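Taking it in order: structure first as structure tokens, then the write-up.
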Amino acid sequence: MKTDKLQDAIGMVDDDLIVRAAKQPKKINRWARWIAPVAAVLAVAIALGVFLGQGSPLVVSAYAVAEAQYPQSAPYPVEPTDWGDKSADDLFSRQYKAWREEQKLRREQATVENALDPFFAATMAEFLQGDVGENRVYSPLNLYMALAMLAETADGESREQILALLGADSIDALRQQVNAVWRANYQNDGATTSILANSLWMNQDADYNAETVERLAETYYASSFRGEMGSAEYSRALRDWLNAQTGGLLADAVDGVELSPETVLALASTIYYRAKWEDEFWEDETETGVFYAESGEIECDFMHQELFYNPYYWGDRFTAVSKWLSDGGQMWLILPDEGVELQTLLADQEVWQFVTANGEWANRQEVRVNLAMPKFDVSGRQDLCEGLKRLGVTDCFDASVADFSPLMDDAEGIFVSAIDHAARVTVDEEGVTAAAFTEIALAGGAAAPSDEVDFTLDRPFLFVITGINGTPLFAGTVCEP
């Protein structure tokens, strides 16, 4: 792979995102055939915090081959302090027009993404199931980006199974999907931050197919790094990059990331997300209340707010409302009916039909909602391998049939050995903080309500955070706030 060609394909990153390469790479040697078990990492994270506030960029820079340049968002329009200043008024008008046009384009991606609804519904139903009383958190967008990148490195039935789960009938269709997902969910306008970033971590002794590496750069804005697999310094560089992109919010999970000597390639992907409520809760209206968990009564802080003329939804076994976020996204709050266990609701396909409907639901009425919502901080971690097998992705886990030939000419013995997923969501009066991390290792009804309802989330419930066009960013269960 030629450095200048890859740099031409993806450009250079902004200084605020990651420092530039400190030296030019040495020639990549052919990968030795005898190294069969391989490990690769696809790390996807969504986080809120001080962006790029952690890590050592000097260590990362030492391994940089080429760095991505991310698109610029139209700045959020700030009203002038003096409306009589014509130049200030004109600037505000131009900014507002550009910002509104960008928001319109982001919303229009929803039409393209409709094909992803079965993937979102199936994986949420699969990965939110757990033990009774256990908080679970899963990022559908996180896994989607990780599997899409994995599909680029696979071929044959290994690729076809991933494509089928992702709702794409070809690799070209997948690339169009990825482009739409990226454009719909990438925003950095000064008011809301939702930044996607990707990277490739290559073995300095391996010979990769340049076309695949360049495709990942072009389609996924993937920066590339190269170093000695298994060395403490190279593993530290990857951890620094992950911590930098996630503001250190996932530091505990990142500490477990290692690039072993058997690693062929690590694919890392992050999403940085920050959004306030469109209408924030008043702190002085937060009161202590009782949450009726499976384990018993728990005292916690409940936020209170009256939502006027707010859509109220219901199904056979649940009721639901949504609360808007500053980026045009929503948090959907779904409460099982009295007597219906949360695990029973999670196995009901109607609830996932509701989630992917993005508000287009027959059982809906505009009412005043007296919302009582607990402040919560929930997290979870799980291995996704068995779940993905149940969803039809099997070949990439089997060394005897897995096909990763697009990655390198000699790909015999490469297979996925583990997929670990960790996520966290925190909710308070100001808004939402969320983070997710995925590591993939490749080794050799109710009746219509009245005009006013009390919607009190004082028992286990389901939540889903969606982006501006309805893409599920996070989904989780709150069994104990």
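Letters A, B, ... go to the chains of the structure tokens in the order shown; residues in each chain start at 1; ligands are counted from 1 in the same order.
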**Message:** Could you list, as number ranges by chain, every residue within 7 Å of Glu228 in chain A, counting only C-alpha atoms and ignoring same-chain residues fewer than 6 positions away?
**Reply:** A: 203-204, 234
**Message:** When you look at range 368-379 of chain A with a cut-off of 10 Å (counting only C-alpha atoms), what residues show up, excluding the ones that are within fewer than 5 positions of it in the same chain? I need them as a ChimeraX atom specification.
**Reply:** /A:134-138,286-291,299-312,321,323,333,422-429,432-436,450-459,476-481
**Asked** If we count only C-alpha atoms, what is near Thr466 in chain A at a cut-off of 10 Å, once residues fewer than 5 positions away on the same chain are taken out, given as a ChimeraX atom specification?
**Response** /A:141,185,324-325,328-332,355-356,358,471-475
May I have the selected residues written with C-alpha atoms, as a PDB file, in the first residue's frame?
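Below you can see again26.pdb, which holds the result:
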```pdb
ATOM      1  CA  LEU A 141     -25.539   1.813  15.497  1.00  0.00           C
ATOM      2  CA  ASN A 185     -25.572  10.859  12.326  1.00  0.00           C
ATOM      3  CA  TRP A 324     -36.875  15.365  22.453  1.00  0.00           C
ATOM      4  CA  LEU A 325     -33.128  15.957  22.448  1.00  0.00           C
ATOM      5  CA  GLY A 328     -33.591  16.483  16.812  1.00  0.00           C
ATOM      6  CA  GLY A 329     -33.302  12.973  18.210  1.00  0.00           C
ATOM      7  CA  GLN A 330     -35.506  11.467  20.890  1.00  0.00           C
ATOM      8  CA  MET A 331     -35.393   9.248  23.936  1.00  0.00           C
ATOM      9  CA  TRP A 332     -38.255   6.758  23.841  1.00  0.00           C
ATOM     10  CA  VAL A 355     -39.437   1.345  18.178  1.00  0.00           C
ATOM     11  CA  THR A 356     -38.590   1.241  14.467  1.00  0.00           C
ATOM     12  CA  ASN A 358     -40.305   6.280  14.839  1.00  0.00           C
ATOM     13  CA  THR A 471     -31.655   5.606  13.838  1.00  0.00           C
ATOM     14  CA  PRO A 472     -31.423   3.728  17.169  1.00  0.00           C
ATOM     15  CA  LEU A 473     -28.183   4.872  18.788  1.00  0.00           C
ATOM     16  CA  PHE A 474     -28.714   3.108  22.123  1.00  0.00           C
ATOM     17  CA  ALA A 475     -31.287   0.804  23.666  1.00  0.00           C
TER      18      ALA A 475
END
```
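Excluding Tyr144 in chain A itself and same-chain residues fewer than 2 positions from it, the residues having an atom within 9 Å of it are A:Phe119, A:Phe120, A:Ser139, A:Pro140, A:Leu141, A:Asn142, A:Ala146, A:Leu147, A:Ala148, A:Met149, A:Leu166, A:Val178, counting only C-alpha atoms.
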**Message:** as an MDAnalysis selection string, please: every residue in range 134-180 of chain A that a backbone DSSP assignment puts in alpha helix (DSSP H).
**Reply:** chainID A and resid 140:153 156:166 171:180
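Of the listed residues (A:Val181, A:Leu91, A:Leu150, A:Leu196), A:Leu150 comes nearest to Leu267 in chain A; the distances count only C-alpha atoms.
Comparing A:Trp99, A:Ala268, A:Phe463, A:Ala237 by their smallest distance to Met145 in chain A, the closest is A:Ala268 (using only C-alpha atoms).
If only C-alpha atoms are the atoms counted, then among A:Ala125, A:Ile271, A:Ala411, A:Ala64 the closest residue to Gln187 in chain A is A:Ile271.
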**Request:** Report as JSON, numbers by chain: the residues of range 400-461 of chain A with a DSSP assignment of strand (DSSP E or B), based on the backbone of this structure.
**Result:** {"A": [416, 417, 418, 419, 420, 421, 422, 423, 424, 425, 426, 427, 431, 432, 433, 434, 435, 436, 437, 438, 439, 440, 441, 442, 452, 453, 454, 455, 456, 461]}
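The nearest approach to Ser405 in chain A among the residues A:Glu386, A:Asp117, A:Glu152, A:Asp85, with only C-alpha atoms taken into account, belongs to A:Glu152.
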**Message:** Between A:Ala293, A:Leu174, A:Val351, A:Ile414, which residue has the minimum interatomic distance to Pro460 in chain A, considering only C-alpha atoms?
**Reply:** A:Ala293
**Request:** Mind checking which residues fall within 12 Å of Ala191 in chain A, counting only C-alpha atoms, ignoring those fewer than 6 positions away in the same chain, and posting them as a list of chain:residue names?
**Result:** A:Ser73, A:Ala74, A:Pro75, A:Tyr76, A:Pro77, A:Val78, A:Trp99, A:Tyr273, A:Arg274, A:Ala275, A:Lys276, A:Trp277, A:Glu278, A:Leu325, A:Ser326, A:Asp327, A:Gly328
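The space between CA of Gly227 in chain A and CA of Ala66 in chain A spans 13.3 Å.
Here CA of Phe461 in chain A is placed at a distance of 28.1 Å from CA of Arg107 in chain A.
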**Asked** Using only C-alpha atoms, which residue out of A:Trp282, A:Phe92, A:Trp201, A:Trp241 lies closest to Thr263 in chain A?
**Response** A:Trp201
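Computed from the coordinates, the CA of Asp410 in chain A to CA of Ala217 in chain A distance equals 21.7 Å.
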